[in-house]
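Asker: Dropping in protein-v4.txt, which is compact mmCIF, C-alpha atoms:
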```txt
# COMPACT_ATOMS: atom_id res chain seq x y z
CA MET A 6 43.62 -53.11 74.73
CA ALA A 7 40.31 -54.40 73.42
CA LEU A 8 37.15 -52.95 74.88
CA SER A 9 35.23 -55.20 77.27
CA GLN A 10 31.52 -55.80 76.86
CA ASP A 11 30.84 -54.25 80.28
CA VAL A 12 32.67 -51.04 79.42
CA VAL A 13 30.91 -50.71 76.08
CA LEU A 14 27.48 -51.45 77.57
CA ALA A 15 28.04 -48.81 80.25
CA GLY A 16 29.08 -46.31 77.58
CA ILE A 17 26.12 -47.09 75.32
CA LYS A 18 23.79 -46.79 78.31
CA GLU A 19 25.13 -43.32 79.03
CA ILE A 20 24.67 -42.27 75.38
CA VAL A 21 21.11 -43.62 75.08
CA VAL A 22 20.12 -41.90 78.33
CA GLU A 23 21.61 -38.63 77.06
CA VAL A 24 20.23 -38.79 73.50
CA ALA A 25 16.79 -40.30 74.04
CA GLY A 26 16.11 -39.41 77.68
CA ILE A 27 15.46 -43.02 78.63
CA ASP A 28 15.71 -44.31 82.20
CA ALA A 29 19.08 -46.10 82.53
CA GLY A 30 17.42 -48.95 84.42
CA LEU A 31 15.48 -49.94 81.29
CA ILE A 32 18.55 -50.39 79.15
CA ALA A 33 19.90 -53.95 78.82
CA MET A 34 21.58 -56.10 76.16
CA GLU A 35 18.37 -57.72 74.90
CA LYS A 36 16.34 -54.51 74.67
CA LYS A 37 15.27 -53.45 71.17
CA PHE A 38 16.00 -49.83 70.25
CA THR A 39 12.72 -49.24 68.44
CA ASP A 40 10.17 -51.54 70.11
CA ASP A 41 11.39 -51.54 73.72
CA LEU A 42 13.12 -48.19 74.12
CA ASP A 43 11.23 -46.03 71.59
CA VAL A 44 14.49 -44.82 70.04
CA ASP A 45 13.48 -43.55 66.57
CA SER A 46 15.66 -43.59 63.46
CA LEU A 47 17.03 -40.08 64.01
CA SER A 48 17.87 -40.72 67.66
CA MET A 49 19.57 -43.92 66.45
CA VAL A 50 21.79 -41.79 64.21
CA GLU A 51 22.69 -39.59 67.18
CA VAL A 52 23.47 -42.67 69.29
CA VAL A 53 25.72 -44.02 66.52
CA VAL A 54 27.56 -40.70 66.05
CA ALA A 55 28.15 -40.43 69.81
CA ALA A 56 29.28 -44.07 70.03
CA GLU A 57 31.73 -43.61 67.16
CA GLU A 58 33.27 -40.67 68.96
CA LYS A 59 33.36 -42.36 72.36
CA PHE A 60 34.85 -45.65 71.22
CA GLY A 61 36.87 -44.51 68.17
CA VAL A 62 35.09 -46.99 65.92
CA LYS A 63 33.45 -46.47 62.50
CA ILE A 64 29.90 -47.80 62.25
CA PRO A 65 28.80 -47.89 58.58
CA ASP A 66 25.17 -47.12 57.67
CA ASP A 67 24.42 -50.70 56.59
CA GLU A 68 25.60 -51.96 59.99
CA VAL A 69 23.36 -49.43 61.74
CA THR A 70 20.29 -50.84 59.98
CA LYS A 71 21.20 -54.30 61.33
CA MET A 72 21.43 -53.13 64.93
CA ALA A 73 18.06 -54.06 66.42
CA THR A 74 19.10 -54.41 70.06
CA ILE A 75 21.47 -52.74 72.50
CA GLY A 76 23.43 -56.00 72.42
CA ASP A 77 23.87 -55.78 68.63
CA ALA A 78 25.48 -52.35 69.03
CA VAL A 79 27.65 -53.44 71.97
CA ASN A 80 28.86 -56.56 70.17
CA PHE A 81 29.71 -54.63 66.99
CA ILE A 82 31.76 -52.11 68.96
CA VAL A 83 33.55 -54.82 70.98
CA ALA A 84 34.39 -56.71 67.76
CA ASN A 85 35.51 -53.65 65.79
CA GLY A 86 36.86 -51.32 68.47
CA LYS A 87 40.50 -50.91 69.31
CA MET C 27 53.90 -3.41 35.29
CA ALA C 28 51.94 -3.90 38.49
CA LEU C 29 48.26 -3.12 38.20
CA LYS C 30 46.48 -0.63 40.35
CA PHE C 31 44.02 -1.80 43.02
CA ASP C 32 42.71 0.16 45.99
CA GLN C 33 44.28 -1.67 48.94
CA THR C 34 42.24 0.00 51.65
CA THR C 35 39.48 -2.05 53.19
CA GLN C 36 36.02 -1.09 54.41
CA ASN C 37 34.29 -2.86 57.31
CA ALA C 38 30.90 -4.35 56.51
CA ARG C 39 27.76 -5.38 58.36
CA ILE C 40 24.19 -6.49 57.80
CA LEU C 41 22.21 -3.24 57.67
CA SER C 42 18.73 -4.75 57.48
CA VAL C 43 16.68 -7.89 56.92
CA GLY C 44 13.39 -8.42 55.10
CA ALA C 45 11.21 -11.52 54.91
CA TYR C 46 8.25 -12.78 52.96
CA ARG C 47 6.15 -15.89 53.53
CA PRO C 48 3.32 -16.64 51.10
CA PRO C 49 -0.12 -16.37 52.74
CA ARG C 50 -1.23 -19.99 52.37
CA ILE C 51 -0.44 -21.88 55.58
CA VAL C 52 -0.25 -25.64 55.09
CA PRO C 53 -0.61 -27.65 58.31
CA ASN C 54 0.71 -31.21 58.57
CA SER C 55 -2.87 -32.46 58.29
CA GLU C 56 -2.87 -31.39 54.62
CA ILE C 57 0.32 -33.37 53.89
CA VAL C 58 -0.14 -36.62 55.81
CA ASP C 59 -2.71 -38.50 53.74
CA ARG C 60 -0.57 -38.78 50.62
CA ILE C 61 2.44 -40.08 52.57
CA ASP C 62 0.61 -42.28 55.06
CA SER C 63 1.99 -40.34 58.02
CA THR C 64 0.69 -38.39 61.01
CA ASP C 65 1.01 -34.88 62.41
CA GLU C 66 2.65 -36.35 65.51
CA TRP C 67 5.25 -38.30 63.49
CA ILE C 68 6.23 -35.23 61.48
CA GLN C 69 6.48 -33.01 64.55
CA GLN C 70 8.52 -35.59 66.43
CA ARG C 71 10.98 -36.12 63.56
CA THR C 72 11.34 -32.51 62.39
CA GLY C 73 9.59 -30.05 64.71
CA ILE C 74 7.48 -28.85 61.75
CA GLN C 75 3.85 -27.98 62.56
CA SER C 76 3.02 -26.03 59.40
CA ARG C 77 4.65 -24.35 56.44
CA HIS C 78 3.77 -21.83 53.73
CA PHE C 79 3.22 -22.72 50.06
CA ALA C 80 3.06 -20.13 47.32
CA SER C 81 0.15 -20.33 44.89
CA ALA C 82 0.65 -21.51 41.31
CA ASP C 83 0.65 -17.94 40.02
CA GLN C 84 3.05 -16.59 42.67
CA SER C 85 6.63 -16.93 41.46
CA LEU C 86 9.92 -17.14 43.29
CA ILE C 87 10.69 -13.63 42.07
CA ASP C 88 7.32 -12.31 43.33
CA MET C 89 8.31 -13.47 46.82
CA ALA C 90 11.92 -12.27 46.52
CA THR C 91 10.84 -8.82 45.36
CA ILE C 92 8.72 -8.24 48.46
CA ALA C 93 11.48 -9.45 50.82
CA ALA C 94 14.05 -7.31 48.99
CA GLU C 95 11.90 -4.18 49.07
CA ILE C 96 11.40 -4.55 52.83
CA ALA C 97 15.15 -5.00 53.41
CA ILE C 98 16.04 -2.02 51.19
CA LYS C 99 13.53 0.22 52.96
CA ARG C 100 14.74 -0.86 56.41
CA ALA C 101 18.35 -0.12 55.37
CA GLY C 102 17.29 3.47 54.70
CA ILE C 103 18.44 3.35 51.07
CA THR C 104 16.74 3.03 47.69
CA ALA C 105 16.95 0.23 45.13
CA TYR C 106 19.10 2.51 42.95
CA GLN C 107 21.84 2.48 45.59
CA ILE C 108 22.23 -1.30 45.41
CA ASP C 109 25.51 -2.05 43.61
CA SER C 110 25.23 -5.84 43.50
CA VAL C 111 22.60 -8.53 43.92
CA ILE C 112 23.51 -12.07 45.00
CA PHE C 113 20.61 -14.50 44.70
CA ALA C 114 20.93 -17.87 46.46
CA THR C 115 18.40 -20.41 45.21
CA ILE C 116 17.96 -23.89 43.80
CA SER C 117 14.38 -23.42 42.60
CA TYR C 118 14.55 -20.73 39.90
CA PRO C 119 13.15 -22.60 36.91
CA TYR C 120 15.56 -21.19 34.29
CA GLN C 121 19.25 -21.85 33.67
CA ALA C 122 19.65 -18.35 32.21
CA PRO C 123 19.33 -15.47 32.55
CA SER C 124 19.63 -15.42 36.33
CA ALA C 125 17.03 -14.91 39.04
CA ALA C 126 19.11 -11.95 40.22
CA THR C 127 18.60 -10.09 36.93
CA GLU C 128 14.84 -10.73 36.97
CA LEU C 129 14.83 -9.28 40.48
CA LEU C 130 16.73 -6.21 39.25
CA VAL C 131 14.01 -5.54 36.68
CA ARG C 132 11.34 -5.88 39.35
CA LEU C 133 13.20 -3.55 41.72
CA GLY C 134 13.54 -0.96 38.94
CA ASN C 135 17.33 -0.87 39.15
CA THR C 136 18.55 -2.68 36.06
CA LYS C 137 22.18 -1.56 36.32
CA ALA C 138 23.56 -3.36 39.39
CA ALA C 139 25.91 -6.36 39.14
CA ALA C 140 23.76 -9.46 39.57
CA PHE C 141 24.29 -13.20 39.78
CA ASP C 142 22.89 -16.38 41.32
CA ILE C 143 24.74 -18.84 43.52
CA SER C 144 24.00 -22.54 43.85
CA ALA C 145 24.88 -23.66 47.35
CA ALA C 146 21.44 -24.94 48.36
CA CYS C 147 20.74 -24.61 52.09
CA ALA C 148 24.17 -23.03 52.62
CA GLY C 149 23.49 -20.49 49.86
CA PHE C 150 22.55 -17.60 52.10
CA CYS C 151 25.74 -17.90 54.19
CA TYR C 152 27.80 -18.21 50.99
CA GLY C 153 26.13 -15.00 49.83
CA VAL C 154 26.91 -13.20 53.10
CA ALA C 155 30.56 -14.28 52.75
CA LEU C 156 30.78 -12.93 49.20
CA ALA C 157 28.93 -9.70 50.01
CA ASN C 158 31.22 -9.07 53.00
CA ASP C 159 34.29 -9.51 50.79
CA MET C 160 32.80 -7.25 48.10
CA VAL C 161 32.12 -4.43 50.55
CA ARG C 162 35.48 -4.93 52.28
CA SER C 163 37.38 -4.70 49.01
CA ARG C 164 35.20 -1.77 47.86
CA THR C 165 33.93 -3.45 44.70
CA SER C 166 30.42 -2.67 45.99
CA LYS C 167 29.03 -0.33 48.61
CA TYR C 168 25.61 -1.93 49.09
CA VAL C 169 25.00 -5.60 48.32
CA LEU C 170 21.56 -7.20 48.41
CA VAL C 171 21.77 -10.88 49.41
CA ILE C 172 18.59 -12.85 48.76
CA GLY C 173 17.75 -16.39 49.76
CA GLY C 174 14.57 -17.44 48.03
CA GLU C 175 12.92 -20.73 47.24
CA LYS C 176 9.70 -22.08 45.82
CA LEU C 177 10.46 -25.66 46.75
CA SER C 178 6.83 -26.74 46.43
CA ASP C 179 7.49 -26.70 42.66
CA PHE C 180 10.24 -29.31 43.08
CA THR C 181 8.90 -31.50 45.86
CA ASP C 182 6.95 -34.70 45.22
CA PRO C 183 3.87 -34.61 47.49
CA ASP C 184 3.93 -38.44 47.49
CA ASP C 185 7.59 -38.74 48.59
CA ARG C 186 7.59 -39.95 52.20
CA ALA C 187 11.15 -38.64 52.71
CA THR C 188 10.62 -35.04 51.60
CA ALA C 189 6.95 -34.05 51.23
CA PHE C 190 6.63 -32.76 54.80
CA ILE C 191 9.99 -30.94 54.89
CA PHE C 192 10.26 -28.38 52.12
CA ALA C 193 8.41 -25.08 51.77
CA ASP C 194 8.38 -21.65 50.13
CA GLY C 195 9.55 -18.19 51.12
CA ALA C 196 12.17 -15.48 50.63
CA GLY C 197 14.47 -13.53 52.89
CA ALA C 198 16.87 -10.72 52.10
CA VAL C 199 19.57 -8.65 53.76
CA VAL C 200 21.37 -5.50 52.70
CA ILE C 201 25.08 -5.61 53.49
CA GLY C 202 26.96 -2.35 53.46
CA PRO C 203 29.66 -0.23 55.04
CA SER C 204 30.16 -0.07 58.80
CA ASP C 205 32.59 1.56 61.25
CA GLU C 206 33.27 -1.70 63.06
CA VAL C 207 33.64 -5.29 61.84
CA GLY C 208 30.05 -6.57 61.63
CA ILE C 209 30.66 -9.87 59.85
CA GLY C 210 33.21 -12.37 61.12
CA GLN C 211 35.35 -14.66 59.00
CA THR C 212 33.37 -17.31 57.14
CA ILE C 213 34.28 -20.95 57.73
CA TRP C 214 33.17 -22.93 54.71
CA GLY C 215 33.77 -26.06 52.70
CA ALA C 216 32.21 -29.24 51.39
CA SER C 217 31.87 -32.98 51.83
CA ALA C 218 31.43 -33.51 48.11
CA GLU C 219 32.04 -37.26 48.36
CA SER C 220 28.45 -37.31 49.65
CA ARG C 221 27.01 -35.16 46.87
CA GLU C 222 24.47 -37.87 46.01
CA ALA C 223 22.79 -37.49 49.41
CA ILE C 224 20.53 -34.64 48.21
CA VAL C 225 19.78 -34.32 44.50
CA LEU C 226 17.36 -32.53 42.20
CA GLU C 227 17.16 -34.61 39.03
CA PRO C 228 16.87 -35.68 36.21
CA SER C 229 18.93 -33.16 34.27
CA TYR C 230 17.67 -31.27 31.22
CA LEU C 231 19.85 -33.52 29.04
CA GLU C 232 18.07 -36.64 30.17
CA TYR C 233 14.84 -35.19 28.81
CA LYS C 234 16.53 -34.14 25.56
CA ASN C 235 18.14 -37.55 25.08
CA ASN C 236 14.98 -39.48 25.95
CA PRO C 237 12.20 -37.71 24.09
CA GLY C 238 8.73 -38.83 25.11
CA LYS C 239 10.01 -41.01 27.95
CA LEU C 240 7.29 -40.27 30.47
CA ASP C 241 8.68 -42.23 33.42
CA LEU C 242 11.55 -39.76 33.77
CA GLY C 243 9.03 -37.71 35.73
CA TRP C 244 9.28 -34.15 36.94
CA PRO C 245 12.60 -33.13 38.54
CA ASN C 246 12.06 -33.25 42.29
CA ILE C 247 14.38 -33.08 45.28
CA SER C 248 15.26 -36.43 46.78
CA GLN C 249 17.15 -36.80 50.00
CA GLN C 250 18.77 -39.59 52.00
CA GLY C 251 17.45 -38.18 55.24
CA GLN C 252 19.43 -40.26 57.72
CA ALA C 253 22.74 -39.79 55.89
CA VAL C 254 22.20 -36.03 55.81
CA PHE C 255 21.14 -35.99 59.47
CA ARG C 256 24.28 -37.91 60.40
CA TRP C 257 26.50 -35.53 58.45
CA ALA C 258 24.80 -32.49 59.96
CA VAL C 259 25.03 -33.59 63.58
CA TYR C 260 28.59 -34.86 63.22
CA GLU C 261 30.33 -32.39 60.90
CA ILE C 262 28.60 -29.07 61.44
CA ALA C 263 29.14 -28.41 65.16
CA PRO C 264 32.96 -28.20 64.76
CA VAL C 265 32.48 -25.77 61.84
CA ALA C 266 30.17 -23.64 63.99
CA LEU C 267 32.69 -23.55 66.84
CA LYS C 268 35.44 -22.49 64.41
CA ALA C 269 33.27 -19.64 63.13
CA ILE C 270 32.66 -18.46 66.71
CA GLU C 271 36.38 -18.59 67.46
CA ALA C 272 37.27 -16.82 64.20
CA ALA C 273 35.03 -13.92 65.27
CA GLY C 274 36.86 -13.69 68.61
CA LEU C 275 33.88 -14.94 70.63
CA THR C 276 33.02 -18.00 72.72
CA PRO C 277 29.71 -19.92 72.74
CA ASP C 278 28.69 -18.22 76.00
CA THR C 279 29.28 -14.70 74.68
CA LEU C 280 27.05 -15.24 71.65
CA ALA C 281 23.58 -13.65 71.76
CA ALA C 282 21.81 -15.78 69.15
CA PHE C 283 22.12 -18.93 67.08
CA ILE C 284 20.36 -18.86 63.70
CA PRO C 285 21.14 -22.10 61.88
CA HIS C 286 19.62 -23.28 58.62
CA GLN C 287 16.16 -24.52 59.52
CA ALA C 288 16.53 -28.10 58.25
CA ASN C 289 15.13 -30.04 61.16
CA GLU C 290 14.58 -29.03 64.78
CA ARG C 291 16.36 -32.19 65.91
CA ILE C 292 19.50 -31.04 64.07
CA ILE C 293 19.18 -27.60 65.69
CA ASP C 294 18.92 -29.21 69.15
CA SER C 295 21.84 -31.51 68.45
CA LEU C 296 24.06 -28.64 67.27
CA ALA C 297 23.18 -26.52 70.29
CA LYS C 298 24.02 -29.42 72.58
CA SER C 299 27.31 -30.25 70.82
CA MET C 300 28.39 -26.61 71.00
CA LYS C 301 27.34 -26.45 74.67
CA LEU C 302 25.36 -23.28 74.05
CA PRO C 303 24.13 -21.86 77.36
CA ASP C 304 20.44 -20.96 77.83
CA SER C 305 21.35 -17.29 77.40
CA VAL C 306 21.80 -17.87 73.65
CA ALA C 307 18.52 -17.33 71.75
CA ILE C 308 17.94 -20.15 69.27
CA ALA C 309 15.90 -19.59 66.09
CA ARG C 310 13.22 -22.25 65.68
CA ASP C 311 11.33 -20.78 62.75
CA ILE C 312 11.15 -24.28 61.22
CA ARG C 313 8.09 -25.01 63.37
CA THR C 314 5.82 -22.77 61.32
CA THR C 315 7.91 -22.20 58.18
CA GLY C 316 9.33 -25.63 57.32
CA ASN C 317 12.64 -25.99 55.48
CA THR C 318 12.97 -23.22 52.90
CA SER C 319 16.59 -24.02 51.96
CA ALA C 320 18.45 -20.80 51.02
CA ALA C 321 15.63 -18.66 52.47
CA SER C 322 15.56 -20.26 55.91
CA ILE C 323 18.25 -18.23 57.68
CA PRO C 324 17.04 -14.72 56.74
CA LEU C 325 13.43 -15.81 57.41
CA ALA C 326 14.45 -17.15 60.82
CA MET C 327 16.50 -13.99 61.52
CA ASP C 328 13.51 -11.77 60.82
CA ALA C 329 11.20 -13.92 62.96
CA LEU C 330 13.68 -13.95 65.85
CA LEU C 331 14.08 -10.16 65.76
CA ILE C 332 10.30 -9.71 65.84
CA GLU C 333 10.08 -12.04 68.85
CA ARG C 334 13.18 -10.62 70.54
CA PRO C 335 13.70 -6.97 69.49
CA ASP C 336 16.43 -6.70 72.15
CA LEU C 337 18.65 -8.80 69.84
CA HIS C 338 18.99 -6.02 67.25
CA GLY C 339 22.69 -5.22 66.97
CA LYS C 340 23.74 -8.28 68.97
CA SER C 341 25.95 -11.14 67.77
CA ALA C 342 24.48 -14.19 66.03
CA LEU C 343 26.03 -17.33 64.61
CA LEU C 344 24.65 -18.16 61.17
CA ILE C 345 25.34 -21.58 59.70
CA GLY C 346 24.03 -23.13 56.51
CA PHE C 347 24.49 -26.72 55.33
CA GLY C 348 22.89 -28.78 52.62
CA ALA C 349 23.02 -30.27 49.12
CA GLY C 350 26.58 -30.66 47.88
CA LEU C 351 27.12 -31.41 50.63
CA VAL C 352 28.30 -27.88 51.38
CA TYR C 353 28.42 -25.68 54.45
CA ALA C 354 29.27 -22.14 55.52
CA GLY C 355 29.09 -20.36 58.85
CA GLN C 356 29.91 -16.91 60.18
CA VAL C 357 29.15 -14.75 63.19
CA VAL C 358 27.40 -11.51 62.33
CA GLU C 359 26.10 -8.54 64.20
CA LEU C 360 22.34 -8.60 63.73
CA PRO C 361 20.94 -5.56 61.92
CA PRO C 362 20.07 -2.51 64.01
CA LYS C 363 16.41 -1.48 64.40
CA ALA C 364 15.07 -0.02 61.16
CA LEU C 365 15.45 3.73 60.83
```
Output the structure of this file as structure tokens.

Answerer:
Amino acid sequence: MALSQDVVLAGIKEIVVEVAGIDAGLIAMEKKFTDDLDVDSLSMVEVVVAAEEKFGVKIPDDEVTKMATIGDAVNFIVANGK
Amino acid sequence: MALKFDQTTQNARILSVGAYRPPRIVPNSEIVDRIDSTDEWIQQRTGIQSRHFASADQSLIDMATIAAEIAIKRAGITAYQIDSVIFATISYPYQAPSAATELLVRLGNTKAAAFDISAACAGFCYGVALANDMVRSRTSKYVLVIGGEKLSDFTDPDDRATAFIFADGAGAVVIGPSDEVGIGQTIWGASAESREAIVLEPSYLEYKNNPGKLDLGWPNISQQGQAVFRWAVYEIAPVALKAIEAAGLTPDTLAAFIPHQANERIIDSLAKSMKLPDSVAIARDIRTTGNTSAASIPLAMDALLIERPDLHGKSALLIGFGAGLVYAGQVVELPPKAL
């Protein structure tokens, strides 16, 4: 069964809270990792590694660099997850 | 006809540790101007506040000799009793003869078996694995394992990816016979498909084949920081857990965690992935020593034992990982208090 956007968003929210210590209430689809949430490049790597594990999806490095917002990450996982 | 080989084994342990950091302390403020960075940025990304650089006339072997002499003295033996020297380094500036043989000359014992190993930041743990096997199989009684680096010679002070990371220093342990098992099984391997992630180039041949070509530059370390970070946080925790299990322990029965001091964020991530309880002391020598590659684990071990003398004789997980990409981890009993 494909992953729904809601499920993935909830999962990403959990990961970003855990990795970067950000208040869950601040995390939404349109929020930018760097500018809005202060997630730096190394935290981004940790988010990606955790998301790969959680959703069983491979996120290549060149895709990571394209992920500016929470929504970008959620959409990639929904499109490529199983 | 079958050959003869003594089949009896001898348990081994780390008998002592010695460390040497060159006197010049280099704070982030001395690094930042050439890489357009800030103290805050470096601390946030790596945990590093300062590091030590050797002077131009202080060689890798100068540093290694001091660390080795301390370790030998603390083991209660003399340099003449050392049967083998294993030198882990990537910054000895000669292909041959080895750093280990130069160290032998400096220690005044020119007869021991001696060789270098190239396993970068995993080099010290590779050395511990070899030394353990050598003592166990009775091919040596006392083995000196040195991790030493003068990385300031091979780091570009204008490289925004590496200038603030690498540093100089040397650490040594003496491994020798023990009544009990003092070194657990080593879990080691590589992810060589990613060997381009950390390189020290160009090679000697590129200079030979391109005489006078000035833009080849000096051989410096270059690193794809995020790729290495990703590998370290993803691949190394399972290796660490295997090493703990192989030694018959669990994360909550471990006394200390002394990983390669690559980046404090990697150390935090590994501790979290392994679910290490607060009771486990974590070495964070990187803050004031930087990343000294093969030297980082013995340097961090020495610093932790100075800070926490109660950890002498207790169990510690060592894990090294770096250029190759290669890794090795083992649980050891920390050396007892010096005699």

Asker: Could the residues of chain A within 8 Å of chain C, counting only C-alpha atoms, be given as a PyMOL selection string, please?

Answerer: chain A and resi 46-47+50-51+54+66

Asker: Grab the atom CA of C:Asp194 to atom CA of C:Ile74 distance for me, in Å with one decimal place.

Answerer: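 Going from atom CA of C:Asp194 over to atom CA of C:Ile74, I get 13.7 Å.
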
Asker: List the neighbours of C:Asp32 out to 8 Å using only C-alpha atoms; skip same-chain residues closer than 2 positions along the sequence, and give me the result as a PyMOL selection string.

Answerer: chain C and resi 30+34+163-164

Asker: Taking only C-alpha atoms into account, which of A:Ala56, A:Ala7, A:Ala78, A:Ile32 comes nearest A:Ile20?

Answerer: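 Comparing A:Ala56, A:Ala7, A:Ala78, A:Ile32 against A:Ile20, the winner is A:Ala56.
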
Asker: Which of these, A:Asp45, A:Asp40, A:Glu35, A:Asp28, has the shortest distance to A:Asp77 once you count only C-alpha atoms?

Answerer: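 Checking each of A:Asp45, A:Asp40, A:Glu35, A:Asp28 against A:Asp77, counting only C-alpha atoms, the winner is A:Glu35.
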
Asker: Which residues are near stretch 113-126 of chain C? Cut-off 10 Å, only C-alpha atoms, ignore same chain within fewer than 2 positions. Put them as a PyMOL selection string.

Answerer: chain C and resi 85-87+90+110-111+128-132+138-153+170-180+194+196+198+226+230+247+318-321+349

Asker: Of the residues A:Ala25, A:Ile75, A:Leu31, A:Ile17, which is the one nearest to A:Glu58, using all atoms listed in the file?

Answerer: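 Closest candidate: A:Ile17.
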
Asker: Atom CA of C:Asn235 to atom CA of C:Pro183: how many Å, to one decimal?

Answerer: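 Between atom CA of C:Asn235 and atom CA of C:Pro183 the gap works out to 26.7 Å.
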
Asker: Could you check which of C:Arg50, C:His78, C:Val58, C:Gln36 is closest to C:Lys167, using all atoms listed in the file?

Answerer: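 Closest to C:Lys167, using all atoms listed in the file: C:Gln36.
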